[in-house]
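Written out below as structure tokens is the structure these notes cover.
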Amino acid sequence: MAKILIPTPLRQYAGKQDSVHLQGATVGEVLQSLTSQYADLRRHLYTDEGKLRSFVNVYVNDDDIRYLNKEATPLKEGDTVSIVPSIAGGSAGVAAPPVSLSKEEILRYSRHLIMPEVGMDGQLKLKNAKVALIGTGGLGAPLGMYLAAAGVGRIGLVDFDVVDFTNLQRQVIHGTKDVGRKKLDSAAETMLDINPYVEIDRHETALTSDNALQILKDYDLVVDGTDNFPTRYLVNDACVLLGKPNVYGSIFRFEGQATVFAYPGGPCYRCLYPEPPPPGLVPSCAEGGVLGILPGIIGLIQATETVKLILGAGEPLVGRLLLYDALAMRFRELKLRRNPECPVCGDHPAIRELIDYQEFCGIPNQAHEPAPVVGDIDPVEVKAKIDRGDSFVLIDVRETHEYQICRIDYAKLIPLGDLPKRVNELDSADEIVAHCKSGVRSAKAVDFLKQAGFKKVRNMKGGILAWSDKVDPSVPKY
Amino acid sequence: MIRIEKPAWDTMVSHAERTFPKECCGVMLGLDGVVRQAVPLANAYSGPQEDFFVMDPQDLNRVDSQARAQGLEVLGVFHSHPDCDAYFSKRDLENSCSWFSYVVLSVKNGRFDHANSYRPDFDQKEAPKEELIYG
């Protein structure tokens, strides 16, 4: 006995019933039996020649019978047969969407096609799928390469950055030859080399509250490969507002996490983190470092979930936060729930449009140049002081392993964390200049020393990176 | 004749205007020739969407079960014609389904201009206009 779901407009021809239970060994048999019982239905489903009308699609459970055995598709006890019209049209004549694979594509995807979980039906789902990939950096690199290889038909890349040497330790979609090129061009070139049968949209922009909905609305799902809190909240809120799943991943040093947000009924990023951390508390990869392989692992977990969502296969990573620790080589899972009080995906959402995420994350508006801080000194001036033989102390507050990468010979190393216990090595009568990698930690050191009663303390602006740019290019940047 | 209640109509117009210059599509739910609810759907066509739309059958299936659950029926489908009139094109006819009313919204320069409704026949040979009342 199979259950046939009657589409609502046809119920009037089937005794007003929602569904009909009928015996039959094949789809063809139960449809014949249905239309002989309800003669008025027949002309809606079949032509005078007895063929299914071109606009009638028949599904057994979730599978289109065109990719099974058509009307000879066998039925099992308890199968559900759905009749779904195909609806299309438009103001002009253009080709219909792909309903088949070329000979070349069949060969290319043969290892997918022979698995029943993917098969022709699944590979066509991949071909017709549209995925937005935010960022083509650490996470975006493996994502872009594998999603293209898997045959995801249209991939929209969003990035505005340029490849630099520090990217190459992990962003394997770009090569040494690409340094200085737009990441979009370099990534698209690699992806199209892997698979010329996919389409790549290049969105050369930062994702903002003004453009996010416009860019993301054309895609079925969104993969977040970004590395900062404002964009993460922006992607989350845009996905919730548009009703599109957000395949999330993040990485830091040796640890990563991944999950699927904004899936119907599931939690969103704000259910997990209602508020952003205070600015500066969580270091970025540029500040804290990252194991180059880590984004490969996390990005591929995201790619796997993306493909599963498109195929409708397996158990999606929804309501579960997967945590990965590379040093311990362990995976753990935390349960997540949708928060009914969530301001964006809750039962009574307060946020119904995109907001200013820079402000939300406490980051000052980039448009306003920060006022020069009293107590800053330019690296060029520091160099002049050294050359003149001025009496002053230069302290380097970076960590020992950073000191091993590069140093200014004149400087004395006192890592920021050691400063309180080593402050007696300094004399408050001396003029003191502090530096670090880019100027953030040394500003903290200056604050600390001032509170400790030091008066003549200044911060070398831009740190050793600025020193390399302005004073001594032989000092390597990292 | 098909009558579209104001909230549903507003949903259709704003979906059409927001999707401009691409074609939008969606489903109309209601009872006895009165549309009470419009459900905007994504245009699933993978090529240029400025003059063509495709509905994902899975979306349609989902909306149909949603309608069942609410005691409503799928009365018809709607789509937009960006920067041209609300005629029933040859391409519309070739892809039509006789079960539904087809409402076509003309959107010009991003603003709704006018609309018509059509009832295609079984054989996709013709689609007579039907009376459309909205708002």
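Convention: chains lettered A, B, ... in structure tokens order; per-chain residue numbering from 1; ligands numbered from 1 as shown.
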Which range 13-39 of chain A residues have any atom within 12 Å of an atom of range 62-83 of chain B, and for each, what is the nearest pair of atoms with distance in Å to one decimal, counting only C-alpha atoms, rows sorted by chain and number, as JSON lines?
```
{"residue": "A:Lys16", "atom": "CA", "partner": "B:Glu73", "partner_atom": "CA", "distance": 11.1}
{"residue": "A:Gln17", "atom": "CA", "partner": "B:Arg68", "partner_atom": "CA", "distance": 10.7}
{"residue": "A:Asp18", "atom": "CA", "partner": "B:Arg68", "partner_atom": "CA", "distance": 7.8}
{"residue": "A:Ser19", "atom": "CA", "partner": "B:Arg68", "partner_atom": "CA", "distance": 10.7}
```
Dump as a PyMOL selection string the residues of chain A that approach chain B to within 10 Å, counting only C-alpha atoms.
chain A and resi 5-11+18+43-48+53-59+62+64+82-98+127-130+153-154+199+214+217-220
Between CA of Asp63 in chain A and CA of Gln32 in chain A lies a distance of 19.7 Å
Residues within 10 Å of Pro278 in chain A, please, as a list in words. Count only C-alpha atoms; anything in the same chain fewer than 3 positions from it doesn't count.
Glu275, Leu281, Val282, Cys361, Gly362 and Ile363 of chain A
Now that the selection is made, can you save its residues with N, CA and C atoms as a PDB file, in the first residue's frame?
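File written: again.pdb
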```pdb
ATOM      1  N   GLU A 275      26.394  38.405  22.782  1.00  0.00           N
ATOM      2  CA  GLU A 275      27.146  39.665  22.744  1.00  0.00           C
ATOM      3  C   GLU A 275      28.553  39.393  22.224  1.00  0.00           C
ATOM      4  N   LEU A 281      39.976  41.769  23.077  1.00  0.00           N
ATOM      5  CA  LEU A 281      40.137  40.669  24.034  1.00  0.00           C
ATOM      6  C   LEU A 281      40.527  39.376  23.329  1.00  0.00           C
ATOM      7  N   VAL A 282      39.834  39.090  22.201  1.00  0.00           N
ATOM      8  CA  VAL A 282      40.152  37.876  21.461  1.00  0.00           C
ATOM      9  C   VAL A 282      41.070  38.261  20.314  1.00  0.00           C
ATOM     10  N   CYS A 361      30.062  45.748  17.742  1.00  0.00           N
ATOM     11  CA  CYS A 361      31.231  45.071  18.278  1.00  0.00           C
ATOM     12  C   CYS A 361      32.200  46.050  18.943  1.00  0.00           C
ATOM     13  N   GLY A 362      31.775  47.309  19.086  1.00  0.00           N
ATOM     14  CA  GLY A 362      32.580  48.280  19.823  1.00  0.00           C
ATOM     15  C   GLY A 362      33.817  48.735  19.082  1.00  0.00           C
ATOM     16  N   ILE A 363      33.772  48.620  17.735  1.00  0.00           N
ATOM     17  CA  ILE A 363      34.961  49.008  16.967  1.00  0.00           C
ATOM     18  C   ILE A 363      34.721  50.415  16.421  1.00  0.00           C
TER      19      ILE A 363
END
```
Which residue out of B:Ser101, B:Asp113, B:Lys22, B:Val27 has the minimum interatomic distance to Lys129 in chain B when only C-alpha atoms are used?
B:Ser101
If we count only C-alpha atoms and set the cut-off at 8 Å, which residues sit around Asp224 in chain A, ignoring sequence neighbours fewer than 4 positions away in its own chain? Please answer as a list in words.
Leu133, Ile134, Gly135, Arg232, Val235, Asn246, Val247, Tyr248 and Gly249 of chain A
Those residues you just picked out, can you put them in a file as an mmCIF file, in the first residue's frame with N, CA and C atoms?
```
data_model
loop_
_atom_site.group_PDB
_atom_site.id
_atom_site.type_symbol
_atom_site.label_atom_id
_atom_site.label_comp_id
_atom_site.auth_asym_id
_atom_site.auth_seq_id
_atom_site.Cartn_x
_atom_site.Cartn_y
_atom_site.Cartn_z
ATOM 1 N N LEU A 133 30.346 32.016 -0.606
ATOM 2 C CA LEU A 133 31.506 31.745 0.240
ATOM 3 C C LEU A 133 32.102 33.089 0.651
ATOM 4 N N ILE A 134 31.976 33.412 1.946
ATOM 5 C CA ILE A 134 32.462 34.709 2.412
ATOM 6 C C ILE A 134 33.915 34.562 2.838
ATOM 7 N N GLY A 135 34.804 35.138 2.059
ATOM 8 C CA GLY A 135 36.230 35.065 2.375
ATOM 9 C C GLY A 135 36.913 33.951 1.611
ATOM 10 N N ARG A 232 31.015 38.248 11.228
ATOM 11 C CA ARG A 232 30.349 37.031 11.681
ATOM 12 C C ARG A 232 28.903 37.310 12.111
ATOM 13 N N VAL A 235 26.922 38.194 8.885
ATOM 14 C CA VAL A 235 26.557 37.012 8.093
ATOM 15 C C VAL A 235 25.423 36.263 8.792
ATOM 16 N N ASN A 246 23.624 28.935 7.495
ATOM 17 C CA ASN A 246 24.940 29.562 7.591
ATOM 18 C C ASN A 246 25.915 28.506 8.104
ATOM 19 N N VAL A 247 26.783 28.034 7.234
ATOM 20 C CA VAL A 247 27.739 27.000 7.620
ATOM 21 C C VAL A 247 28.955 27.715 8.208
ATOM 22 N N TYR A 248 29.123 27.571 9.522
ATOM 23 C CA TYR A 248 30.059 28.393 10.281
ATOM 24 C C TYR A 248 31.311 27.616 10.672
ATOM 25 N N GLY A 249 32.432 28.314 10.643
ATOM 26 C CA GLY A 249 33.670 27.732 11.165
ATOM 27 C C GLY A 249 34.538 28.840 11.706
#
```
If you run DSSP on the backbone here, which positions in range 2-134 of chain B get strand (DSSP E)? Please write them as an NGL selection string.
:B and (2-4 or 25-31 or 34-41 or 53-54 or 73-82 or 101-108 or 111-118 or 129-130 or 132-134)
